[in-house]
$ cat coords.txt   # compact mmCIF, C-alpha atoms
# COMPACT_ATOMS: atom_id res chain seq x y z
CA MET Z 28 -4.29 21.90 6.55
CA VAL Z 29 -2.44 19.06 8.22
CA ILE Z 30 -2.28 19.20 12.00
CA LYS Z 31 0.96 17.80 13.38
CA LYS Z 32 2.00 16.78 16.84
CA ARG Z 33 4.93 14.79 18.12
CA TYR Z 34 4.30 11.20 19.15
CA HIS Z 35 5.41 10.39 22.70
CA GLU Z 36 7.54 13.27 23.89
CA GLY Z 37 11.17 12.35 24.41
CA GLN Z 38 11.12 9.35 22.10
CA GLU Z 39 14.44 9.38 20.27
CA SER Z 40 14.33 6.21 18.20
CA PRO Z 41 13.16 6.85 14.62
CA PRO Z 42 10.20 4.88 13.25
CA PRO Z 43 11.18 1.73 11.34
CA ALA Z 44 11.21 2.12 7.56
CA MET Z 45 8.71 0.22 5.46
CA ASP Z 46 10.75 -1.60 2.85
CA GLU Z 47 9.67 -2.23 -0.74
CA SER Z 48 8.47 -5.76 0.03
CA TRP Z 49 5.88 -4.33 2.44
CA TRP Z 50 4.41 -2.10 -0.24
CA GLU Z 51 4.56 -4.86 -2.85
CA ALA Z 52 2.63 -7.18 -0.54
CA VAL Z 53 -0.04 -4.52 -0.07
CA LEU Z 54 -0.27 -3.98 -3.81
CA ALA Z 55 -0.52 -7.71 -4.37
CA GLU Z 56 -3.44 -8.00 -1.96
CA GLU Z 57 -5.22 -5.11 -3.62
CA VAL Z 58 -5.09 -6.40 -7.18
CA ALA Z 59 -4.85 -10.16 -6.66
CA GLN Z 60 -8.54 -10.69 -7.34
CA GLY Z 61 -8.14 -9.06 -10.72
CA ALA Z 62 -5.17 -11.11 -11.94
CA PRO Z 63 -6.35 -14.31 -13.66
CA ALA Z 64 -2.98 -16.01 -13.29
CA LEU Z 65 -3.43 -15.94 -9.54
CA SER Z 66 -6.40 -18.30 -9.65
CA ARG Z 67 -3.90 -21.14 -9.42
CA ALA Z 68 -2.35 -19.83 -6.22
CA SER Z 69 -3.83 -18.83 -2.91
CA ARG Z 70 -1.77 -15.67 -2.46
CA PRO Z 71 0.79 -13.81 -4.59
CA SER Z 72 4.36 -13.43 -3.43
CA ALA Z 73 6.19 -10.11 -3.24
CA ARG Z 74 8.11 -11.16 -6.35
CA THR Z 75 4.96 -11.54 -8.46
CA ALA Z 76 3.37 -8.42 -7.01
CA ALA Z 77 5.63 -6.16 -9.03
CA THR Z 78 4.07 -7.34 -12.30
CA LEU Z 79 0.46 -7.83 -11.29
CA ILE Z 80 -0.91 -4.54 -12.57
CA SER Z 81 1.06 -4.57 -15.79
CA ASN Z 82 -0.22 -8.09 -16.53
CA ILE Z 83 -3.87 -7.35 -15.88
CA ASP Z 84 -4.36 -6.22 -19.48
CA ASP Z 85 -3.73 -9.84 -20.54
CA SER Z 86 -7.03 -10.87 -18.95
CA HIS Z 87 -9.03 -8.91 -21.53
CA GLU Z 88 -8.48 -10.84 -24.73
CA GLY Z 89 -10.41 -9.58 -27.71
CA GLU Z 90 -10.41 -5.93 -26.66
CA PRO Z 91 -9.15 -3.42 -29.23
CA GLU Z 92 -5.47 -2.57 -29.05
CA THR Z 93 -4.69 0.78 -27.45
CA ALA Z 94 -2.19 3.33 -28.62
CA ALA Z 95 1.36 3.17 -27.31
CA LEU Z 96 1.74 4.68 -23.88
CA ASP Z 97 3.35 8.11 -23.81
CA TRP Z 98 5.65 7.69 -20.83
CA GLN Z 99 6.82 11.29 -20.92
CA LYS Z 100 3.24 12.52 -20.62
CA ALA Z 101 2.44 10.04 -17.87
CA THR Z 102 5.54 11.11 -15.94
CA GLU Z 103 4.69 14.80 -16.30
CA LEU Z 104 1.12 14.23 -15.08
CA TYR Z 105 2.49 12.36 -12.09
CA GLU Z 106 5.22 14.85 -11.19
CA GLN Z 107 2.93 17.87 -11.63
CA ASP Z 108 0.01 16.18 -9.85
CA GLN Z 109 -2.37 17.04 -12.70
CA VAL Z 110 -5.87 15.72 -13.45
CA VAL Z 111 -6.63 13.89 -16.71
CA SER Z 112 -9.86 12.51 -18.18
CA LEU Z 113 -9.66 8.89 -19.38
CA HIS Z 114 -12.07 6.36 -20.88
CA VAL Z 115 -12.91 3.11 -19.05
CA THR Z 116 -12.34 0.21 -21.45
CA GLY Z 117 -12.70 -2.81 -19.19
CA CYS Z 118 -12.76 -4.16 -15.68
CA ASN Z 119 -12.05 -7.13 -13.44
CA ARG Z 120 -12.42 -7.78 -9.71
CA GLY Z 121 -9.33 -5.68 -9.04
CA GLY Z 122 -10.53 -2.46 -10.66
CA LEU Z 123 -10.83 -0.65 -13.98
CA LEU Z 124 -8.74 -0.48 -17.14
CA VAL Z 125 -8.56 3.01 -18.62
CA ASN Z 126 -6.98 4.67 -21.65
CA GLY Z 127 -7.00 7.79 -23.78
CA GLU Z 128 -4.81 10.83 -24.31
CA GLN Z 129 -1.96 8.44 -25.23
CA LEU Z 130 -2.25 6.96 -21.75
CA GLN Z 131 -3.39 3.63 -20.40
CA GLY Z 132 -3.35 2.03 -16.99
CA PHE Z 133 -5.27 0.66 -14.05
CA VAL Z 134 -7.55 2.17 -11.40
CA PRO Z 135 -7.67 -0.07 -8.27
CA ILE Z 136 -11.16 -0.44 -6.87
CA SER Z 137 -9.95 1.11 -3.62
CA HIS Z 138 -9.19 4.33 -5.51
CA LEU Z 139 -12.69 4.86 -6.88
CA ILE Z 140 -14.83 7.49 -5.18
CA GLU Z 141 -17.70 5.05 -4.67
CA SER Z 142 -17.40 1.60 -3.07
CA PRO Z 143 -19.55 -1.47 -3.75
CA CYS Z 144 -21.80 -2.84 -1.02
CA PRO Z 145 -20.62 -6.14 0.50
CA THR Z 146 -23.60 -7.98 -1.00
CA VAL Z 147 -23.05 -6.68 -4.55
CA ASP Z 148 -21.28 -8.68 -7.26
CA VAL Z 149 -18.06 -6.69 -7.65
CA GLU Z 150 -17.45 -7.45 -11.32
CA GLN Z 151 -21.01 -6.57 -12.27
CA TRP Z 152 -20.76 -3.36 -10.25
CA LEU Z 153 -17.51 -2.39 -11.96
CA ALA Z 154 -18.94 -3.24 -15.39
CA ASN Z 155 -21.23 -0.21 -15.03
CA TYR Z 156 -18.16 2.01 -15.36
CA VAL Z 157 -17.25 0.67 -18.82
CA GLU Z 158 -17.60 3.30 -21.57
CA GLN Z 159 -17.65 6.09 -18.96
CA SER Z 160 -15.03 8.82 -18.59
CA LEU Z 161 -13.32 9.45 -15.25
CA GLU Z 162 -11.30 12.35 -13.89
CA LEU Z 163 -8.08 10.79 -12.60
CA LYS Z 164 -4.62 11.48 -11.23
CA VAL Z 165 -1.54 9.35 -11.76
CA ILE Z 166 -0.51 7.95 -8.37
CA GLU Z 167 2.20 5.61 -9.63
CA CYS Z 168 4.29 5.77 -12.78
CA ASP Z 169 6.92 3.06 -13.12
CA ARG Z 170 8.33 2.69 -16.62
CA GLU Z 171 10.80 -0.01 -15.62
CA ARG Z 172 7.95 -2.24 -14.47
CA GLY Z 173 5.61 -1.10 -17.20
CA ARG Z 174 2.75 0.15 -15.05
CA VAL Z 175 0.74 3.31 -14.54
CA VAL Z 176 -1.79 3.44 -11.71
CA PHE Z 177 -4.54 6.06 -11.53
CA SER Z 178 -6.84 7.26 -8.76
CA GLU Z 179 -10.27 8.87 -9.00
CA ARG Z 180 -10.25 9.84 -5.33
CA ALA Z 181 -6.90 11.62 -5.62
CA ALA Z 182 -8.31 13.73 -8.47
CA GLN Z 183 -10.71 15.36 -6.02
CA SER Z 184 -7.87 17.42 -4.52
CA SER Z 185 -6.45 20.45 -6.30
CA PRO Z 186 -3.46 20.03 -8.66
CA GLY Z 187 -0.14 20.24 -6.85
CA SER Z 188 -1.61 19.61 -3.41
CA ARG Z 189 -0.02 16.16 -3.20
CA ASN Z 190 3.51 17.46 -3.76
CA LEU Z 191 3.08 20.20 -1.16
CA LEU Z 192 1.73 17.77 1.43
CA LEU Z 193 4.44 15.18 0.83
CA ARG Z 194 7.12 17.82 1.43
CA ASN Z 195 5.57 18.69 4.79
CA LEU Z 196 4.91 15.17 6.08
CA ASN Z 197 7.52 13.82 8.48
CA PRO Z 198 7.90 10.31 9.93
CA GLY Z 199 7.31 10.24 13.65
CA THR Z 200 4.56 12.84 13.66
CA CYS Z 201 0.81 12.56 14.08
CA VAL Z 202 -1.56 13.96 11.47
CA VAL Z 203 -5.33 14.18 11.15
CA GLY Z 204 -7.18 12.60 8.25
CA ILE Z 205 -10.48 11.21 7.03
CA VAL Z 206 -11.05 7.50 6.35
CA THR Z 207 -11.91 7.23 2.65
CA ASN Z 208 -11.84 3.49 2.08
CA ILE Z 209 -11.80 0.27 4.10
CA THR Z 210 -10.39 -2.92 2.58
CA ASP Z 211 -9.47 -6.39 3.81
CA PHE Z 212 -5.81 -5.37 4.06
CA GLY Z 213 -6.22 -1.99 5.72
CA ILE Z 214 -7.71 1.49 5.55
CA PHE Z 215 -6.97 4.50 3.37
CA VAL Z 216 -6.85 7.91 5.02
CA ASP Z 217 -7.08 11.19 3.12
CA LEU Z 218 -4.54 13.61 4.59
CA GLY Z 219 -5.71 16.57 2.50
CA GLY Z 220 -4.29 15.86 -0.95
CA VAL Z 221 -2.67 12.46 -0.61
CA GLU Z 222 -3.92 9.19 0.81
CA GLY Z 223 -1.96 7.15 3.29
CA LEU Z 224 -2.43 3.49 4.13
CA VAL Z 225 -2.90 2.01 7.57
CA HIS Z 226 -2.16 -1.68 7.03
CA VAL Z 227 -4.33 -4.06 9.04
CA SER Z 228 -1.27 -4.99 11.12
CA GLU Z 229 -0.95 -1.33 12.17
CA ILE Z 230 -4.52 -0.83 13.37
CA SER Z 231 -4.22 -2.29 16.85
CA TRP Z 232 -1.70 -3.98 19.12
CA GLY Z 233 -4.38 -6.63 19.54
CA ARG Z 234 -6.09 -8.95 17.11
CA VAL Z 235 -8.20 -7.40 14.32
CA GLN Z 236 -10.28 -9.71 12.13
CA HIS Z 237 -11.30 -6.95 9.71
CA PRO Z 238 -10.60 -3.19 9.71
CA ALA Z 239 -14.34 -2.46 9.47
CA GLU Z 240 -14.70 -3.79 13.03
CA VAL Z 241 -12.90 -0.79 14.49
CA ILE Z 242 -13.07 1.94 11.81
CA THR Z 243 -15.98 3.51 9.91
CA LEU Z 244 -15.99 5.20 6.52
CA GLY Z 245 -15.77 8.97 6.81
CA GLN Z 246 -14.37 8.81 10.36
CA LYS Z 247 -11.91 11.51 11.39
CA VAL Z 248 -8.80 9.91 12.84
CA ASP Z 249 -5.39 10.76 14.23
CA VAL Z 250 -2.70 8.65 12.58
CA TYR Z 251 1.00 8.20 13.17
CA VAL Z 252 3.28 8.64 10.15
CA ILE Z 253 5.60 5.65 9.82
CA ASN Z 254 7.22 6.41 6.49
CA VAL Z 255 6.94 8.87 3.59
CA ASP Z 256 8.14 8.12 0.06
CA PRO Z 257 7.71 11.37 -1.91
CA LYS Z 258 9.00 9.83 -5.13
CA ARG Z 259 6.24 7.22 -5.19
CA ALA Z 260 3.72 9.26 -3.19
CA ARG Z 261 3.40 6.51 -0.61
CA VAL Z 262 2.60 7.22 3.02
CA ALA Z 263 2.59 4.43 5.57
CA LEU Z 264 0.44 5.19 8.60
CA SER Z 265 -0.38 3.59 11.93
CA LEU Z 266 -3.13 3.79 14.50
CA LYS Z 267 -1.61 1.50 17.09
CA ARG Z 268 1.65 3.47 17.40
CA LEU Z 269 -0.30 6.37 18.88
CA HIS Z 270 -0.49 4.25 22.03
CA PRO Z 271 2.16 2.46 24.11
CA ASN Z 272 2.68 -1.19 23.22
CA PRO Z 273 0.99 -3.15 26.05
CA TRP Z 274 3.09 -6.22 25.25
CA GLU Z 275 6.22 -4.43 26.46
CA THR Z 276 4.97 -4.65 30.06
CA ALA Z 277 2.71 -7.70 29.76
CA GLU Z 278 5.10 -10.10 31.52
CA SER Z 279 5.43 -7.79 34.49
CA ARG Z 280 1.68 -7.42 34.90
CA TYR Z 281 0.45 -10.93 34.07
CA PHE Z 282 1.86 -14.30 35.13
CA PRO Z 283 0.98 -18.01 34.88
CA GLY Z 284 -1.66 -19.02 37.38
CA GLN Z 285 -3.14 -15.53 37.65
CA VAL Z 286 -6.94 -15.35 37.47
CA THR Z 287 -8.41 -12.28 35.78
CA GLU Z 288 -11.34 -11.01 33.74
CA ALA Z 289 -11.46 -11.07 29.92
CA VAL Z 290 -13.91 -10.48 27.10
CA ILE Z 291 -14.45 -13.00 24.28
CA THR Z 292 -13.60 -11.22 21.01
CA SER Z 293 -13.91 -14.04 18.47
CA ILE Z 294 -14.63 -17.76 18.24
CA VAL Z 295 -12.59 -20.00 15.96
CA PRO Z 296 -12.70 -23.78 15.30
CA PHE Z 297 -9.79 -24.43 17.67
CA GLY Z 298 -10.95 -22.18 20.51
CA ALA Z 299 -11.66 -18.53 21.22
CA PHE Z 300 -9.74 -15.28 21.56
CA ALA Z 301 -10.26 -13.21 24.70
CA ARG Z 302 -9.08 -9.66 25.43
CA LEU Z 303 -7.55 -8.86 28.81
CA GLU Z 304 -7.16 -5.19 27.92
CA GLU Z 305 -6.91 -3.11 24.77
CA GLY Z 306 -4.17 -4.63 22.65
CA LEU Z 307 -3.74 -7.82 24.70
CA ASP Z 308 -5.59 -10.78 23.25
CA GLY Z 309 -5.03 -14.36 24.33
CA LEU Z 310 -6.14 -17.74 23.04
CA ILE Z 311 -8.38 -20.10 24.96
CA HIS Z 312 -7.76 -23.43 23.29
CA VAL Z 313 -10.77 -25.70 22.92
CA SER Z 314 -9.11 -28.12 25.35
CA GLU Z 315 -9.16 -25.39 28.04
CA ILE Z 316 -12.93 -24.97 28.29
CA ASN Z 317 -15.31 -26.48 30.79
CA PRO Z 318 -17.79 -28.63 28.85
CA ILE Z 319 -21.45 -27.70 29.30
CA ASP Z 320 -23.80 -30.72 29.31
CA GLY Z 321 -21.09 -32.74 27.64
CA GLU Z 322 -20.59 -30.24 24.83
CA GLN Z 323 -16.92 -29.55 24.09
CA ARG Z 324 -17.46 -27.06 21.26
CA MET Z 325 -16.39 -23.51 22.05
CA VAL Z 326 -19.44 -22.02 20.33
CA ASP Z 327 -21.68 -23.92 22.75
CA CYS Z 328 -19.87 -22.58 25.81
CA VAL Z 329 -19.10 -18.90 25.13
CA GLN Z 330 -20.29 -16.09 22.88
CA GLU Z 331 -18.56 -13.06 21.42
CA GLY Z 332 -18.75 -10.12 23.78
CA GLN Z 333 -19.20 -12.35 26.84
CA ARG Z 334 -17.18 -11.42 29.92
CA VAL Z 335 -15.45 -14.46 31.41
CA THR Z 336 -13.00 -15.32 34.16
CA VAL Z 337 -9.81 -16.88 32.84
CA ARG Z 338 -6.62 -18.34 34.23
CA ILE Z 339 -3.39 -17.34 32.53
CA LEU Z 340 -1.36 -20.33 31.34
CA HIS Z 341 1.64 -18.58 29.79
CA VAL Z 342 2.79 -15.16 28.61
CA ASP Z 343 5.21 -14.73 25.70
CA ALA Z 344 5.62 -11.00 25.11
CA ALA Z 345 8.30 -11.45 22.44
CA LYS Z 346 5.90 -13.41 20.24
CA GLN Z 347 2.85 -11.50 21.52
CA ARG Z 348 1.10 -14.65 22.67
CA LEU Z 349 -1.08 -15.32 25.67
CA GLY Z 350 -2.37 -18.74 26.67
CA LEU Z 351 -5.63 -18.69 28.62
CA SER Z 352 -7.92 -21.24 30.22
CA LEU Z 353 -11.49 -21.32 31.45
CA LYS Z 354 -10.48 -24.09 33.87
CA LEU Z 355 -9.80 -22.15 37.05
CA ASP Z 356 -8.71 -24.97 39.35
CA SER Z 357 -4.98 -25.14 39.97
CA GLU Z 358 -4.87 -28.84 39.03
CA ALA Z 359 -5.59 -27.83 35.44
CA MET Z 360 -2.38 -25.80 35.30
CA PRO Z 361 0.43 -27.27 33.16
CA LEU Z 362 3.58 -28.28 34.98

$ encode --input "coords.txt" --output "structure tokens"
Amino acid sequence: MVIKKRYHEGQESPPPAMDESWWEAVLAEEVAQGAPALSRASRPSARTAATLISNIDDSHEGEPETAALDWQKATELYEQDQVVSLHVTGCNRGGLLVNGEQLQGFVPISHLIESPCPTVDVEQWLANYVEQSLELKVIECDRERGRVVFSERAAQSSPGSRNLLLRNLNPGTCVVGIVTNITDFGIFVDLGGVEGLVHVSEISWGRVQHPAEVITLGQKVDVYVINVDPKRARVALSLKRLHPNPWETAESRYFPGQVTEAVITSIVPFGAFARLEEGLDGLIHVSEINPIDGEQRMVDCVQEGQRVTVRILHVDAAKQRLGLSLKLDSEAMPL
């Protein structure tokens, strides 16, 4: 049962739609590690993302050829939200290759019921699935792009539950779900028959290094529905949109020269990020620290979690940027 409630009473503006490039970028991040052609590039573009899954089979030379894919059967399984048992024939860092029943496709690692520990070799862990049979549901069937994507986690819900839920989900509402997977690019939330994605950019108005810093597996969360695509069973979710955007009023509450308290959230080679309040993180450049015993390195002067007094150098709400300094004397202020 999905619990709904309206986000911010009286808000009339509809939530912005998530265009296809957003989803393609997410897909690219999810399977990039499994596509051998990407080893020559640091990150796939949205254009290449569309063919990543369909090209993954090319990385398994020497494997026996599989029967032709029955697109009508794949489409029926997808539209009817039915469960099918398939054989795992191979793997790569992106997930598993499966076939059988005149079907073949890919199971992203994020859609397996179990998840590997951070210290485990992913490919070796996935290799244990080879020759096993998995109960799966089709979560994407795109004949034009030549790809079928399966999910083991989706198969845990009863047949037809996805279609019913997608008909009842509405953008602009808040629903309750359970966190089922945490990845570098975001978190997956089970809404009771379909999983939605909270992209890392939608977790907080502030800076998030990794979703695991703020979310735990199995956690019950309220999420805001940004967009629903029933045809492709895609649900874009947000955590940060449950709260007002603090940047909208930042320039009226903070100003250059103001001295306030902050908490160091992360240390980087060029400085440190400090949080003034939830959702408002600013940068203390390495040039804006007070050297301790001659040391100019940020790591020698502050630690994560440390509460410090900072002077605000500039506030740019439009770009969501805050410049901070540990030099509190007015002479250190830029002209």

$ residues_around --input "coords.txt" --residues "Leu351 of chain Z" --least-positions-apart "3" --cutoff "12 Å" --atoms "all atoms listed in the file" --output "NGL selection string"
:Z and (281-291 or 298-303 or 307-316 or 335-343 or 348 or 354-355 or 359-361)

$ write_last_selection --input "coords.txt" --atoms "C-alpha atoms" --output "PDB file, keeping the file's coordinate frame"
ATOM      1  CA  TYR Z 281       0.450 -10.930  34.070  1.00  0.00           C
ATOM      2  CA  PHE Z 282       1.860 -14.300  35.130  1.00  0.00           C
ATOM      3  CA  PRO Z 283       0.980 -18.010  34.880  1.00  0.00           C
ATOM      4  CA  GLY Z 284      -1.660 -19.020  37.380  1.00  0.00           C
ATOM      5  CA  GLN Z 285      -3.140 -15.530  37.650  1.00  0.00           C
ATOM      6  CA  VAL Z 286      -6.940 -15.350  37.470  1.00  0.00           C
ATOM      7  CA  THR Z 287      -8.410 -12.280  35.780  1.00  0.00           C
ATOM      8  CA  GLU Z 288     -11.340 -11.010  33.740  1.00  0.00           C
ATOM      9  CA  ALA Z 289     -11.460 -11.070  29.920  1.00  0.00           C
ATOM     10  CA  VAL Z 290     -13.910 -10.480  27.100  1.00  0.00           C
ATOM     11  CA  ILE Z 291     -14.450 -13.000  24.280  1.00  0.00           C
ATOM     12  CA  GLY Z 298     -10.950 -22.180  20.510  1.00  0.00           C
ATOM     13  CA  ALA Z 299     -11.660 -18.530  21.220  1.00  0.00           C
ATOM     14  CA  PHE Z 300      -9.740 -15.280  21.560  1.00  0.00           C
ATOM     15  CA  ALA Z 301     -10.260 -13.210  24.700  1.00  0.00           C
ATOM     16  CA  ARG Z 302      -9.080  -9.660  25.430  1.00  0.00           C
ATOM     17  CA  LEU Z 303      -7.550  -8.860  28.810  1.00  0.00           C
ATOM     18  CA  LEU Z 307      -3.740  -7.820  24.700  1.00  0.00           C
ATOM     19  CA  ASP Z 308      -5.590 -10.780  23.250  1.00  0.00           C
ATOM     20  CA  GLY Z 309      -5.030 -14.360  24.330  1.00  0.00           C
ATOM     21  CA  LEU Z 310      -6.140 -17.740  23.040  1.00  0.00           C
ATOM     22  CA  ILE Z 311      -8.380 -20.100  24.960  1.00  0.00           C
ATOM     23  CA  HIS Z 312      -7.760 -23.430  23.290  1.00  0.00           C
ATOM     24  CA  VAL Z 313     -10.770 -25.700  22.920  1.00  0.00           C
ATOM     25  CA  SER Z 314      -9.110 -28.120  25.350  1.00  0.00           C
ATOM     26  CA  GLU Z 315      -9.160 -25.390  28.040  1.00  0.00           C
ATOM     27  CA  ILE Z 316     -12.930 -24.970  28.290  1.00  0.00           C
ATOM     28  CA  VAL Z 335     -15.450 -14.460  31.410  1.00  0.00           C
ATOM     29  CA  THR Z 336     -13.000 -15.320  34.160  1.00  0.00           C
ATOM     30  CA  VAL Z 337      -9.810 -16.880  32.840  1.00  0.00           C
ATOM     31  CA  ARG Z 338      -6.620 -18.340  34.230  1.00  0.00           C
ATOM     32  CA  ILE Z 339      -3.390 -17.340  32.530  1.00  0.00           C
ATOM     33  CA  LEU Z 340      -1.360 -20.330  31.340  1.00  0.00           C
ATOM     34  CA  HIS Z 341       1.640 -18.580  29.790  1.00  0.00           C
ATOM     35  CA  VAL Z 342       2.790 -15.160  28.610  1.00  0.00           C
ATOM     36  CA  ASP Z 343       5.210 -14.730  25.700  1.00  0.00           C
ATOM     37  CA  ARG Z 348       1.100 -14.650  22.670  1.00  0.00           C
ATOM     38  CA  LYS Z 354     -10.480 -24.090  33.870  1.00  0.00           C
ATOM     39  CA  LEU Z 355      -9.800 -22.150  37.050  1.00  0.00           C
ATOM     40  CA  ALA Z 359      -5.590 -27.830  35.440  1.00  0.00           C
ATOM     41  CA  MET Z 360      -2.380 -25.800  35.300  1.00  0.00           C
ATOM     42  CA  PRO Z 361       0.430 -27.270  33.160  1.00  0.00           C
TER      43      PRO Z 361
END

$ atom_distance --input "coords.txt" --atom1 "atom CA of His226 of chain Z" --atom2 "atom CA of Ile214 of chain Z"
6.6 Å

$ atom_distance --input "coords.txt" --atom1 "atom CA of Leu161 of chain Z" --atom2 "atom CA of Ala239 of chain Z"
27.5 Å

$ closest_residue --input "coords.txt" --among "Z:Thr243, Z:Thr276, Z:Ser352, Z:Asn119" --to "Glu150 of chain Z" --atoms "all atoms listed in the file"
Z:Asn119

$ atom_distance --input "coords.txt" --atom1 "atom CA of Gly213 of chain Z" --atom2 "atom CA of Glu229 of chain Z"
8.4 Å

$ closest_residue --input "coords.txt" --among "Z:Pro135, Z:Gly127, Z:Pro271, Z:Pro257" --to "Ser160 of chain Z" --atoms "all atoms listed in the file"
Z:Gly127
